[in-house]
4 protein chains.
Amino acid sequence: MGTGEGDHGEPDLWGGRFRTGLDPAVRRFTGSLSFDRRLARHDLVASMAHVRSLWEARVLEDGDARRLLEGLSGILSELEEGELEVEGPDEDVHGWIERTLTDRVGAVGGKVHTGRSRNDQTGAALRLYLRERLAGLVAGALDAAEAWTDRAEEHREDVMPGYTHLQPAQPVTLGHHLMAHARAVLADARRLRDARREAGVSPLGAAALAGSSHRLDPGRTAQLAGLEEAYDNSVLAVSDRDYVAAALFSVALLMTHLSRWATEMVLWTSPQFGFAELPDGLAQGSSLMPQKKNPEVAEVLRGKTGRVVGALAGFLTTLKGLPLAYNSDLQEDKEPLFDALDTGAGALEVTAATARGLRFHPARMRAACDRGFLAATDLADELVRRGTPFREAHRQVGRAVLAAEERGCGLADLPLDVLRECCPGAEEEMRERLDVEAVVASRDGRGDPAPARVGEQVRRAREEIAGLRRWRDELEEPPVYRAYRSGTLLEAP
Amino acid sequence: MGTGEGDHGEPDLWGGRFRTGLDPAVRRFTGSLSFDRRLARHDLVASMAHVRSLWEARVLEDGDARRLLEGLSGILSELEEGELEVEGPDEDVHGWIERTLTDRVGAVGGKVHTGRSRNDQTGAALRLYLRERLAGLVAGALDAAEAWTDRAEEHREDVMPGYTHLQPAQPVTLGHHLMAHARAVLADARRLRDARREAGVSPLGAAALAGSSHRLDPGRTAQLAGLEEAYDNSVLAVSDRDYVAAALFSVALLMTHLSRWATEMVLWTSPQFGFAELPDGLAQGSSLMPQKKNPEVAEVLRGKTGRVVGALAGFLTTLKGLPLAYNSDLQEDKEPLFDALDTGAGALEVTAATARGLRFHPARMRAACDRGFLAATDLADELVRRGTPFREAHRQVGRAVLAAEERGCGLADLPLDVLRECCPGAEEEMRERLDVEAVVASRDGRGDPAPARVGEQVRRAREEIAGLRRWRDELEEPPVYRAYRSGTLLEAP
Amino acid sequence: MGTGEGDHGEPDLWGGRFRTGLDPAVRRFTGSLSFDRRLARHDLVASMAHVRSLWEARVLEDGDARRLLEGLSGILSELEEGELEVEGPDEDVHGWIERTLTDRVGAVGGKVHTGRSRNDQTGAALRLYLRERLAGLVAGALDAAEAWTDRAEEHREDVMPGYTHLQPAQPVTLGHHLMAHARAVLADARRLRDARREAGVSPLGAAALAGSSHRLDPGRTAQLAGLEEAYDNSVLAVSDRDYVAAALFSVALLMTHLSRWATEMVLWTSPQFGFAELPDGLAQGSSLMPQKKNPEVAEVLRGKTGRVVGALAGFLTTLKGLPLAYNSDLQEDKEPLFDALDTGAGALEVTAATARGLRFHPARMRAACDRGFLAATDLADELVRRGTPFREAHRQVGRAVLAAEERGCGLADLPLDVLRECCPGAEEEMRERLDVEAVVASRDGRGDPAPARVGEQVRRAREEIAGLRRWRDELEEPPVYRAYRSGTLLEAP
Amino acid sequence: MGTGEGDHGEPDLWGGRFRTGLDPAVRRFTGSLSFDRRLARHDLVASMAHVRSLWEARVLEDGDARRLLEGLSGILSELEEGELEVEGPDEDVHGWIERTLTDRVGAVGGKVHTGRSRNDQTGAALRLYLRERLAGLVAGALDAAEAWTDRAEEHREDVMPGYTHLQPAQPVTLGHHLMAHARAVLADARRLRDARREAGVSPLGAAALAGSSHRLDPGRTAQLAGLEEAYDNSVLAVSDRDYVAAALFSVALLMTHLSRWATEMVLWTSPQFGFAELPDGLAQGSSLMPQKKNPEVAEVLRGKTGRVVGALAGFLTTLKGLPLAYNSDLQEDKEPLFDALDTGAGALEVTAATARGLRFHPARMRAACDRGFLAATDLADELVRRGTPFREAHRQVGRAVLAAEERGCGLADLPLDVLRECCPGAEEEMRERLDVEAVVASRDGRGDPAPARVGEQVRRAREEIAGLRRWRDELEEPPVYRAYRSGTLLEAP
């Protein structure tokens, strides 16, 4: 159940209005402890912030506040030490915490709920959890980007066919190709960072939906919990799941990027390409076929893209058409989100591992440049420079391609007379311009595949990675958590 | 990993081609034991069918076949008795079974793989599992349909507003309304049954993708495994996941039906409607607000629709663009499927519970008929019968509605002179026709809301439910499983 | 707007209740004439069935019925002849028809609405339209299946590498591989046929949601309209869009199948594979790069899979959480459905064209068999036959693969002494068994790749295609349409 | 086809490599002129920027540059004046422009393609188009937010039940509730603005995928086209569709917000709620049922949410698994995007219209507060203030709720002795605190529903709206477009 307004697992807590307990089928169907237990630490931190804020506002008296904070600290500490497990008959982690707290501090435990409801409580815990995970995903994205960047630097001079429509189009450098992946995932890192900020609005104080009559200071609570600001409207605060949707989208888009890398690993390690090989530690074999070395990791990476796209589509379906304010449909936010975050984190880890581990075969890439007439555009350009109109040059080169295809050779290998039959303006010295290394070297604008330009891209990427790492390193734990760690949590305000 | 061709968790089984073990990150990312363990029994049954078929075809000798079948039986028996847990370092359940078997019967254990690969093995286990679950879902759908049918019979005479656009349109009977839900889920029952049949094609014998050189009889293996037929093409056999997609679709559509019921429970139990009340055992309270009695079960039911829609969309995304034959992307079939089946089963259970348990308030439904001018169409019809063209009658009645709205009364309560100002052809006796009971009684065609017609619908539904129950009851366990249970599995062919 | 209960575009028809016309922004947002105009013919046929049924039931008098049928026939005839366009200020096609009819036959035109509402009317038109399109899609699927089957017969002896994980696994025949595609799309043909049947429930007579007080015979109306049966429950009849969802699913799954073929065309025509070539009429070039011959058609085919998956997911999202009975959300059924049907039809057409037109290069496929150690499993099998346990044989062959890889040769090309170093039990005569033709020939079970078995598959497929073609050819136009064509529509019942 | 590398509709332009024209089925399936024609103006602007940049870099000579710019200007001007239609045999708008240009300026027209390919060209046009539309959507979102804000100010003192789980929970003000919607859509406005920035990376200069050997200045081209920066990596530049996905997501999330408003309109205008009424211009009637006034606009708004969710899910499906660089799958970006943008724009328009036009019935909202025991939490709070522990107070109030329910009265109406039987600590003066106006007034923290706090929210929203309006008003047309308008486009650099 998780995000209802009450400690639903315990009908006794719903008070005098209920005469019987919950039907077991309903309890099973709506219970959430099995998966929301991972919010325990974050709920405790949010609860500490809430209690501390109540204390500072003199809504709670010193004694009560201290006992609550001691109780919460004790639970958190034991969880962190692995001395306590989140388990029991409770329907959700929030019920577990309230029960555990009350077992320890007695009836005062109920005061943790002063001016609070499940509706703002669960939102706060989920936001804290999500922010932690998104910061982790940023780090994972940076690792992957760095892995590609390192390899790009290493291979900035190695020439390979650039493909469009999986047909050889024009030569590029392997380093340039790898930087395309690095760049894509750097954009993901920024998007994940922005999603983390979007998750930074604190709902604490909105209570069930209407705020409370206690003199709370939601801004102070937000600050103590390490969030960026308090809610602007209490009804929206408990109804809003934009941050979940935004996080799901940022991971789904990330996965589409990684799926492209995955497809290339599958292609490149296939003998038909032979551009790369997975080291033994990243490949999988077959118990039937002794020769197999399968890029299963790449396929699973690509396949898992579907589950995150599905999580996003499914969650938007869940959101559709709900009236304000809180509805229990919203408790369906957690499982797709957790799954997407776990999938994204694992995906980035194997991406970095494969980006670092893949063994490229530059010689085979270079050899592949001899198929596909990669310099055809440049031959046409040369003809244009000597006065042939482009459309005519294009047509002539097309004929030369057919001639070379029939002979099974490359354009540069066509005898000059044959070449001239197709392209009357062709000259001997043009042919050296058709060398793929020369072609690549001529692509020398900013962002283009020439080796020096790849070097620039590498430098720019390294700067951006360093900047985002710095941002990540400078993230601080929530003030209330730092107080807990430093032992100052119980000091009088 | 699950569905690769080898016992991937154990690089040792991949043989001489591999020099190092699998990277732990890859192992984590691609491992599947944590969720595919639920296929253990079904894999064992499929394995028994495979071994028995090999034995009958004399590919395996008596001694080997008996030892394998003894080994497999022992594992199955211990699993069924709860004496054995599927756990260990294995990457998937198939690896766990092979390791466990070999631990017990020695090297002959490897012969279970004769003429088989992971690719056909996993498909067979998944199909057997899915068929069992789909039969269970059919039963769940029938329970829900029966619950509504029972309530429909009970309330076949109770009149309520029929809504279109959530505006009162014309009166219907509550029983009629409930039969709409029963009918929808009966169609689901048939769809689930058909999805079960679609899952009945056996891939056993297709091996990795190309069949095998052993003289197997895939048709006999299929029969022993309780499947409906053997594959027609070995490449498709290991590439095909249509049955997973079809099952996901049938559950997704089921969920959209249940979500409509869920929405109505939310509406009807809201004080603004007040048409129904959840008994205490099906409602949830609030630890903050003592008065709350929340239809959380309905909201969770509606909310979970999203996850199944997402599972379907995500799995189709995973399938998109894969070349033949087996690719490890396909191992992403299991988690969305398991989740959808679990969700669907739980959803049907709480649907049946709420359909049985919801307390209707017929008096309030009847009272609501007084708002909304439900007989307006019938007043127009009466005018038409007395010669007013329909379009003109429609216009006149519209004016009468405005007049009644201004007076805050119903059409039948308008003084005759006022009514006649709007509808010059109105007569006193018409007014009794505007009584909602009379209106409902006049809707007396097959499939219409008149009480007797609801009774007919109830009878037809009961027959259909009984027919599908019979089908379900007559389903047999796979022959090889029956032989295992009856102790004849090891008898010579 | 389309599927509201009234001719909404014409507030005048909503009668006396409305004092002002519709806001233009709302009219734009909810209008549907621009796309639902394609239902015109089907609405006319459904209307004829409705009127004829009313006449037979004596609800309409001879004169009125004849004038209505004459009017409807005239409109249909002019539409079929291209003499009339569906256009005007009407908000939907149903409003257009009613207005056009009334312009022609006068006030009696309004009687076409006797015992009918927009809610059952639009459902009937959409079902008739959908059934026509699904029959067309079945035909398209059969064409594609036949194209592959023809090519499979042609290439039943040509050997190619069978892939798993895009790694060469074991040799198959090209014919066998193509039959996998043929089989997949034959399953689609059956699924589309079943979806057509599912669309065969007539809602006519359910009116707004509650049937009507006129003595209609919905069963007879269904029969006249060429549908399979009448509704069982009037509320469900106007709320049900299962048939739309089922059609969307059947096309979405079809598209995933075609996307696999598309991926293979992209791979195979890439020079790295070189297994096939698109003829000029099916490939596209580049205005920039004269050498390019791009498989754009395959990429667009694969890319369009997304839109149909999206249409399905989106429509299920739309359905989620709607209360009974009709809600205007449901008018969002048409555009995704039309788009999916058009996309599916076009996709089948280009699939058949490419399946017929693709030029295979069997020699290159055969040459590719020399890479990838396709006979490794068979070498292990040979060792097993000579007494080596399978697991040990597998390990030995793995070592032989490494040795061959180092030498850059195939397994069969390893000197016998080297082979024996790895596999002590190896013998000279084994090597001929490693020939891929021999390996394929040994895969000789039903459904396996041996040429004769492909021949069997071809025969079975041809029978199935012929059976489905027969079914398709025997489909009849709706009785009322046949009466219209034969001039007997106006004959007295 | 749209985004291939060549003017594909005209095989003649593919040059000497092609011997036959394109199959008509393929042409139909891959053609895009019917929908990408809406990019004509944006492609012309991008082309002008490209030509002007080439001129400034001296890649084009004065004469050629001037003729090209004159030609492009002429076409743009005629399109803007409505004197020219984008139609013809061309397969996409880019082919149409090149053909039209060449018709006008002769062979020099081909030079517009210098250093450019379809791949960077289409991306540039789509980005320019998208940015224009997103700015328009921001404006639409601001209009909707302002409409709610105005109404919120008007109704900041009107009390209504606040709902959770669609059960009355605690009283709020109508103004507060409306501000929740305003806030949600203000977040959308920011998200749409950010999506516009994301679309600001210029791919111009990346050509097919590898840049070009001409000395272009992509940064200058970007600036002239009014984009924010040039690409960082040419391969990514032509492969990247993140901006399309981000735009789709921002519209999909927007639609989920609007769907919540839609649901509330449906609920509130239902007689069971009776909280509001649609004016005649925003409601739709029924041709059958004279009394109906249907909130179709709200239902269509809610229903269309599905299509945008589907567009997003579908496009991510399309992206999945594509290798770099450009593939024609990507041409499937346009239709879902166009549809989502159109849907979002129309949805915002009807949202603003309904937010402005809906007639609220504050008296009925106030009356509804008497059902649902909205002050139960506050009664418990009062008991707590007098010393009862919260959990006990909660239980006592629960009993009071049951007692009031049995009597059919509110909590404040219970005789004091009955109240005290349930809550021994209850006192007479407490009862005035249970008045919903008093309860609302006590919710007086920042962001809470007290009237003054709603006033603050209104002020903050107005500031934010003004700020975003200013941003929008200050957006400038691309420099090259301004030069075209001011007649300076042809001035020498």
# chains A, B, ... in the order shown; residues from 1 in each chain; ligands from 1
>>> residues_around(residues="Leu236 in chain A", least_positions_apart="5", cutoff="9 Å", atoms="only C-alpha atoms", output="number ranges by chain")
A: 203, 206, 209, 231, 324-326; D: 177, 179-181, 183-184
>>> write_last_selection(atoms="N, CA and C atoms", output="JSON list (two decimals), in the first residue's frame")
[["chain", "number", "residue", "atom", "x", "y", "z"],
["A", 203, "PRO", "N", 7.77, 17.88, -0.22],
["A", 203, "PRO", "CA", 6.34, 17.93, 0.08],
["A", 203, "PRO", "C", 6.07, 17.97, 1.59],
["A", 206, "ALA", "N", 2.86, 19.40, 3.70],
["A", 206, "ALA", "CA", 1.59, 19.38, 2.98],
["A", 206, "ALA", "C", 0.60, 18.41, 3.63],
["A", 209, "LEU", "N", -3.10, 16.68, 2.31],
["A", 209, "LEU", "CA", -3.25, 17.46, 1.07],
["A", 209, "LEU", "C", -3.43, 18.94, 1.36],
["A", 231, "TYR", "N", 7.36, 22.89, -1.19],
["A", 231, "TYR", "CA", 6.23, 22.92, -2.13],
["A", 231, "TYR", "C", 5.61, 24.32, -2.21],
["A", 324, "LEU", "N", -7.20, 15.10, -8.63],
["A", 324, "LEU", "CA", -6.41, 15.52, -7.48],
["A", 324, "LEU", "C", -7.13, 15.03, -6.24],
["A", 325, "ALA", "N", -6.54, 14.88, -5.07],
["A", 325, "ALA", "CA", -5.12, 15.05, -4.84],
["A", 325, "ALA", "C", -4.51, 13.64, -4.81],
["A", 326, "TYR", "N", -4.14, 13.15, -3.67],
["A", 326, "TYR", "CA", -3.51, 11.84, -3.65],
["A", 326, "TYR", "C", -4.51, 10.73, -3.95],
["D", 177, "HIS", "N", -7.20, 24.70, -4.87],
["D", 177, "HIS", "CA", -7.28, 23.54, -5.76],
["D", 177, "HIS", "C", -6.89, 23.94, -7.19],
["D", 179, "MET", "N", -5.05, 26.38, -8.11],
["D", 179, "MET", "CA", -3.63, 26.72, -8.21],
["D", 179, "MET", "C", -2.76, 25.46, -8.35],
["D", 180, "ALA", "N", -3.25, 24.32, -7.87],
["D", 180, "ALA", "CA", -2.49, 23.08, -8.09],
["D", 180, "ALA", "C", -2.36, 22.82, -9.59],
["D", 181, "HIS", "N", -3.45, 23.02, -10.33],
["D", 181, "HIS", "CA", -3.37, 22.85, -11.78],
["D", 181, "HIS", "C", -2.47, 23.90, -12.42],
["D", 183, "ARG", "N", 0.04, 25.45, -11.15],
["D", 183, "ARG", "CA", 1.44, 25.13, -10.84],
["D", 183, "ARG", "C", 1.96, 23.99, -11.71],
["D", 184, "ALA", "N", 1.13, 22.98, -11.91],
["D", 184, "ALA", "CA", 1.57, 21.82, -12.70],
["D", 184, "ALA", "C", 1.89, 22.25, -14.12]]
>>> interface_residues(of="chain B", to="chain A", cutoff="7 Å", atoms="only C-alpha atoms", output="PyMOL selection string")
chain B and resi 5-8+13-15+17-23+25-26+29-30+117+280-282+284-288+290-291+296-297+299-300+302-307+309-311+313-315+317-318+327-330+332+346+349-350
>>> residues_around(residues="range 75-89 of chain A", least_positions_apart="2", cutoff="9 Å", atoms="only C-alpha atoms", output="ChimeraX atom specification")
/A:9-10,33-34,37-38,40-41,44-45,70-73,91-93,96-97,100-101
>>> atom_distance(atom1="CA of Leu358 in chain D", atom2="CA of Val418 in chain B")
29.6 Å
>>> residues_around(residues="Phe390 in chain C", least_positions_apart="6", cutoff="8 Å", atoms="only C-alpha atoms", output="mmCIF file with N, CA and C atoms, in the first residue's frame")
data_model
loop_
_atom_site.group_PDB
_atom_site.id
_atom_site.type_symbol
_atom_site.label_atom_id
_atom_site.label_comp_id
_atom_site.auth_asym_id
_atom_site.auth_seq_id
_atom_site.Cartn_x
_atom_site.Cartn_y
_atom_site.Cartn_z
ATOM 1 N N GLY B 110 25.322 -35.129 -18.110
ATOM 2 C CA GLY B 110 25.542 -34.324 -19.309
ATOM 3 C C GLY B 110 24.708 -34.801 -20.484
ATOM 4 N N LYS B 111 24.294 -36.082 -20.446
ATOM 5 C CA LYS B 111 23.550 -36.615 -21.593
ATOM 6 C C LYS B 111 22.130 -36.062 -21.680
ATOM 7 N N ALA C 380 32.223 -32.457 -32.085
ATOM 8 C CA ALA C 380 32.041 -32.968 -30.721
ATOM 9 C C ALA C 380 31.138 -34.197 -30.742
ATOM 10 N N ASP C 381 30.067 -34.126 -31.522
ATOM 11 C CA ASP C 381 29.155 -35.271 -31.613
ATOM 12 C C ASP C 381 29.883 -36.529 -32.119
ATOM 13 N N LEU C 383 33.046 -37.194 -31.781
ATOM 14 C CA LEU C 383 33.899 -37.697 -30.700
ATOM 15 C C LEU C 383 33.054 -38.471 -29.695
ATOM 16 N N VAL C 384 31.868 -37.931 -29.414
ATOM 17 C CA VAL C 384 30.969 -38.611 -28.473
ATOM 18 C C VAL C 384 30.615 -39.995 -29.012
#
>>> atom_distance(atom1="CA of Ala210 in chain D", atom2="CA of Ala376 in chain A")
13.5 Å
>>> closest_residue(among="B:Gly445, B:Pro271, B:Gly344, B:Pro323", to="Ala367 in chain D", atoms="only C-alpha atoms")
B:Pro271
>>> select_by_dssp(residues="range 228-406 of chain C", states="strand (DSSP E or B)", output="list in words")
Glu229, Ala230, Ala276, Glu277, Gln284, Asn294, Arg359 and Phe360 of chain C
>>> write_last_selection(atoms="N, CA and C atoms", output="compact mmCIF listing (two decimals), in the first residue's frame")
# COMPACT_ATOMS: atom_id res chain seq x y z
N GLU C 229 -22.87 -11.69 -34.95
CA GLU C 229 -23.89 -11.85 -33.92
C GLU C 229 -24.20 -10.48 -33.34
N ALA C 230 -25.32 -10.41 -32.59
CA ALA C 230 -25.66 -9.15 -31.95
C ALA C 230 -25.06 -9.13 -30.54
N ALA C 276 23.26 -10.46 -49.90
CA ALA C 276 22.14 -10.15 -50.79
C ALA C 276 22.28 -8.73 -51.30
N GLU C 277 21.49 -8.45 -52.31
CA GLU C 277 21.51 -7.11 -52.91
C GLU C 277 20.09 -6.73 -53.26
N GLN C 284 17.49 2.81 -52.53
CA GLN C 284 17.54 4.25 -52.72
C GLN C 284 18.97 4.73 -52.70
N ASN C 294 21.06 2.31 -50.76
CA ASN C 294 20.64 2.18 -49.37
C ASN C 294 19.37 1.36 -49.21
N ARG C 359 18.03 -10.06 -54.25
CA ARG C 359 18.90 -11.01 -54.94
C ARG C 359 19.87 -11.61 -53.93
N PHE C 360 19.75 -12.89 -53.71
CA PHE C 360 20.66 -13.55 -52.77
C PHE C 360 21.97 -13.88 -53.46
>>> select_by_dssp(residues="range 81-270 of chain D", states="alpha helix (DSSP H)", output="NGL selection string")
:D and (93-105 or 118-154 or 174-198 or 218-224 or 234-239 or 242-269)
>>> write_last_selection(atoms="C-alpha atoms", output="tab-separated table (two decimals), in the first residue's frame")
chain	number	residue	atom	x	y	z
D	93	VAL	CA	9.93	18.51	-48.96
D	94	HIS	CA	13.67	18.75	-49.40
D	95	GLY	CA	13.41	17.25	-52.86
D	96	TRP	CA	10.60	19.65	-53.63
D	97	ILE	CA	12.71	22.63	-52.58
D	98	GLU	CA	15.74	21.52	-54.58
D	99	ARG	CA	13.62	20.89	-57.64
D	100	THR	CA	11.79	24.20	-57.30
D	101	LEU	CA	15.02	26.05	-56.74
D	102	THR	CA	16.71	24.48	-59.74
D	103	ASP	CA	13.69	25.26	-61.88
D	104	ARG	CA	14.20	28.89	-60.98
D	105	VAL	CA	17.92	29.45	-60.82
D	118	ARG	CA	20.02	15.29	-46.46
D	119	ASN	CA	21.15	14.00	-43.10
D	120	ASP	CA	22.19	17.33	-41.63
D	121	GLN	CA	19.65	19.24	-43.70
D	122	THR	CA	16.57	17.47	-42.36
D	123	GLY	CA	17.80	17.65	-38.80
D	124	ALA	CA	18.25	21.40	-39.10
D	125	ALA	CA	14.80	21.99	-40.56
D	126	LEU	CA	13.15	19.81	-37.96
D	127	ARG	CA	14.94	21.57	-35.13
D	128	LEU	CA	13.91	24.99	-36.37
D	129	TYR	CA	10.34	23.86	-36.76
D	130	LEU	CA	10.28	22.24	-33.36
D	131	ARG	CA	11.69	25.30	-31.63
D	132	GLU	CA	9.00	27.48	-33.13
D	133	ARG	CA	6.28	25.09	-32.01
D	134	LEU	CA	7.70	24.67	-28.52
D	135	ALA	CA	7.76	28.41	-28.05
D	136	GLY	CA	4.10	28.37	-29.07
D	137	LEU	CA	3.34	25.62	-26.59
D	138	VAL	CA	5.01	27.61	-23.83
D	139	ALA	CA	2.64	30.45	-24.67
D	140	GLY	CA	-0.30	28.07	-24.61
D	141	ALA	CA	0.76	26.70	-21.25
D	142	LEU	CA	1.02	30.22	-19.87
D	143	ASP	CA	-2.48	31.02	-21.09
D	144	ALA	CA	-3.84	27.97	-19.33
D	145	ALA	CA	-1.92	28.76	-16.17
D	146	GLU	CA	-3.18	32.30	-16.23
D	147	ALA	CA	-6.75	31.18	-16.72
D	148	TRP	CA	-6.57	28.99	-13.62
D	149	THR	CA	-4.78	31.71	-11.70
D	150	ASP	CA	-7.48	34.23	-12.50
D	151	ARG	CA	-10.18	31.84	-11.41
D	152	ALA	CA	-8.20	30.95	-8.30
D	153	GLU	CA	-8.07	34.56	-7.30
D	154	GLU	CA	-11.78	34.86	-7.87
D	174	LEU	CA	-11.43	26.21	-4.64
D	175	GLY	CA	-8.74	28.76	-5.41
D	176	HIS	CA	-6.15	26.55	-3.78
D	177	HIS	CA	-7.28	23.54	-5.76
D	178	LEU	CA	-7.12	25.50	-9.02
D	179	MET	CA	-3.63	26.72	-8.21
D	180	ALA	CA	-2.49	23.08	-8.09
D	181	HIS	CA	-3.37	22.85	-11.78
D	182	ALA	CA	-1.79	26.20	-12.53
D	183	ARG	CA	1.44	25.13	-10.84
D	184	ALA	CA	1.57	21.82	-12.70
D	185	VAL	CA	1.27	23.49	-16.06
D	186	LEU	CA	3.77	26.18	-15.14
D	187	ALA	CA	6.25	23.37	-14.62
D	188	ASP	CA	5.31	22.19	-18.10
D	189	ALA	CA	6.00	25.63	-19.49
D	190	ARG	CA	9.52	25.46	-18.07
D	191	ARG	CA	9.99	21.95	-19.35
D	192	LEU	CA	8.86	22.96	-22.85
D	193	ARG	CA	11.24	25.91	-22.75
D	194	ASP	CA	14.08	23.58	-21.81
D	195	ALA	CA	13.12	21.17	-24.59
D	196	ARG	CA	13.35	24.10	-26.99
D	197	ARG	CA	16.89	24.80	-25.83
D	198	GLU	CA	17.77	21.14	-26.24
D	218	PRO	CA	29.35	25.28	-38.58
D	219	GLY	CA	29.31	27.69	-35.65
D	220	ARG	CA	28.53	30.61	-37.95
D	221	THR	CA	25.87	28.62	-39.77
D	222	ALA	CA	24.25	27.77	-36.45
D	223	GLN	CA	24.25	31.43	-35.48
D	224	LEU	CA	22.71	32.54	-38.76
D	234	SER	CA	29.48	15.03	-36.77
D	235	VAL	CA	28.47	11.37	-36.43
D	236	LEU	CA	26.25	12.11	-33.47
D	237	ALA	CA	24.90	15.21	-35.19
D	238	VAL	CA	23.10	13.14	-37.82
D	239	SER	CA	22.19	10.27	-35.47
D	242	ASP	CA	17.18	13.25	-28.30
D	243	TYR	CA	15.49	16.56	-28.92
D	244	VAL	CA	12.53	14.80	-30.50
D	245	ALA	CA	12.25	12.39	-27.59
D	246	ALA	CA	12.57	15.20	-25.06
D	247	ALA	CA	9.86	17.21	-26.80
D	248	LEU	CA	7.58	14.18	-26.92
D	249	PHE	CA	8.15	13.57	-23.25
D	250	SER	CA	7.43	17.15	-22.30
D	251	VAL	CA	4.15	17.07	-24.20
D	252	ALA	CA	3.23	13.63	-22.84
D	253	LEU	CA	3.73	14.79	-19.28
D	254	LEU	CA	1.78	17.96	-20.01
D	255	MET	CA	-1.07	15.82	-21.31
D	256	THR	CA	-1.15	13.74	-18.14
D	257	HIS	CA	-1.59	16.99	-16.22
D	258	LEU	CA	-4.38	18.14	-18.46
D	259	SER	CA	-6.01	14.73	-18.20
D	260	ARG	CA	-6.34	15.26	-14.47
D	261	TRP	CA	-8.16	18.52	-15.06
D	262	ALA	CA	-10.28	16.74	-17.64
D	263	THR	CA	-11.28	14.07	-15.16
D	264	GLU	CA	-12.27	16.71	-12.67
D	265	MET	CA	-14.39	18.51	-15.22
D	266	VAL	CA	-16.16	15.25	-15.98
D	267	LEU	CA	-16.72	14.60	-12.28
D	268	TRP	CA	-17.69	18.11	-11.30
D	269	THR	CA	-20.22	18.57	-14.09
>>> residues_around(residues="Phe273 in chain C", least_positions_apart="5", cutoff="9 Å", atoms="only C-alpha atoms", output="ChimeraX atom specification")
/A:272-273 /C:267-268,364-365,368
>>> residues_around(residues="range 421-426 of chain A", least_positions_apart="4", cutoff="7 Å", atoms="only C-alpha atoms", output="ChimeraX atom specification")
/A:383,396-397,399-400,417,430
>>> write_last_selection(atoms="N, CA and C atoms", output="short mmCIF file (atom, residue, chain, number, x, y, z; two decimals), in the first residue's frame")
data_model
loop_
_atom_site.label_atom_id
_atom_site.label_comp_id
_atom_site.auth_asym_id
_atom_site.auth_seq_id
_atom_site.Cartn_x
_atom_site.Cartn_y
_atom_site.Cartn_z
N LEU A 383 36.27 16.28 -59.15
CA LEU A 383 35.80 16.62 -60.50
C LEU A 383 35.16 18.00 -60.51
N GLN A 396 28.77 10.67 -63.12
CA GLN A 396 29.97 10.01 -63.65
C GLN A 396 30.55 9.06 -62.61
N VAL A 397 30.63 9.52 -61.39
CA VAL A 397 31.21 8.67 -60.35
C VAL A 397 30.34 7.44 -60.13
N ARG A 399 28.80 5.85 -62.34
CA ARG A 399 29.18 4.88 -63.38
C ARG A 399 30.51 4.22 -63.04
N ALA A 400 31.43 5.02 -62.49
CA ALA A 400 32.72 4.45 -62.10
C ALA A 400 32.53 3.40 -61.01
N ASP A 417 42.40 4.60 -67.66
CA ASP A 417 41.57 4.70 -68.87
C ASP A 417 40.12 4.31 -68.59
N MET A 430 44.50 12.71 -58.93
CA MET A 430 43.27 12.63 -58.12
C MET A 430 43.26 11.39 -57.27
#
